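Before any comments, here is the structure.
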Amino acid sequence: MLKNMAASLGSAGSVRLLRSIIRSGSLCSSSGSRSLHVTAVCCKSSAGRFRRGKGNTPVTYEQAHAPHYIGHRKGWLSQNTSNLKGEKDAADRTVEDMFIRRFIAGTFHNCLADELVIKRRGNMIILCAIMLQKLLPIKMYFLIGYTETLLSHLYKCPVKLEIQTIDDKVIYKWF
């Protein structure tokens, strides 16, 4: 039974799995009748897409394009070689990228104008960001140094912040 449960869920594998479950009687209720509840497959992909409104919501270039345009109309937000075949610790790089994004968003609260781009080159992590000019320059310089120092000690490799500042968010189109 367990061997059939771990079978591949391809078209033939799923049919065999359902047959073995029905034969084993694990779908029987207390009254002895068999029942199997299934739902239709939803082929609609909505993850990573910006929801359209009435035309009064400003969106950036990254938000305006769907995820399947990555590599064609927009670039990757995390550039590293750990996702290549045979590379170790790909999941660790993803978790590190998520931590870095949340750390930067918390350190520079309401100052990010667009998404953070993380580049890993050799042993160095380069963070590229476009920030809004909401902080005094001396406070911005302090937070840049604080971020570089803390992340360098945490990841035990040099971390460099490349920041450009703008007055307002750049609006690509209205959704």
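Residues in the structure tokens are numbered from 1 in each chain, the chains being A, B, ... in the order shown, and ligands are numbered from 1 in the order shown.
For Tyr172 of chain A, the non-local neighbours within 8 Å, defined as residues at least 6 positions apart in the same chain or in other chains and counting only C-alpha atoms, are Pro58, Val59, Thr60, Tyr61 and Ala64 of chain A.
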Residue set, segment 69-106 of chain A restricted to strand (DSSP E or B), as a PDB file with C-alpha atoms, in the first residue's frame:
```pdb
ATOM      1  CA  ILE A  70      11.519  37.626 -16.734  1.00  0.00           C
ATOM      2  CA  LYS A  74      12.550  42.543 -17.154  1.00  0.00           C
ATOM      3  CA  SER A  78      18.606  37.899  -7.684  1.00  0.00           C
ATOM      4  CA  GLN A  79      21.669  37.150  -9.780  1.00  0.00           C
TER       5      GLN A  79
END
```
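Proximity ranking of A:Gly48, A:Gly106, A:Gly86, A:Pro137 relative to Glu62 of chain A places A:Gly48 first, based on only C-alpha atoms.
Computed from the coordinates, the atom CA of Ile125 of chain A to atom CA of Ala91 of chain A distance equals 16.6 Å.
Of the listed residues A:Arg16, A:Lys54, A:Arg49, A:Lys119, the one whose atoms come nearest to His68 of chain A is A:Arg49, with distances taken using only C-alpha atoms.
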Please, what distance in Å, to one decimal, runs between atom CA of Asn80 of chain A and atom CA of Ile171 of chain A?
28.5 Å
Close residues, Asp167 of chain A itself excluded, 12 Å, only C-alpha atoms, min 2 positions apart in chain, as a count of residues only
13
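Atom to atom, atom CA of Leu136 of chain A and atom CA of Leu150 of chain A stand 21.0 Å apart.
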Neighbours of segment 152-162 of chain A within 7 Å (only C-alpha atoms; same-chain residues fewer than 5 positions away dropped), as a list in words?
Asn123, Met124, Ile125, Ile126, Leu127, Cys128, Ala129 and Ile144 of chain A
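With only C-alpha atoms as the atoms that count, the residue of A:Gln63, A:Thr107, A:Asn83, A:Thr57 with the shortest distance to Met140 of chain A is A:Thr107.
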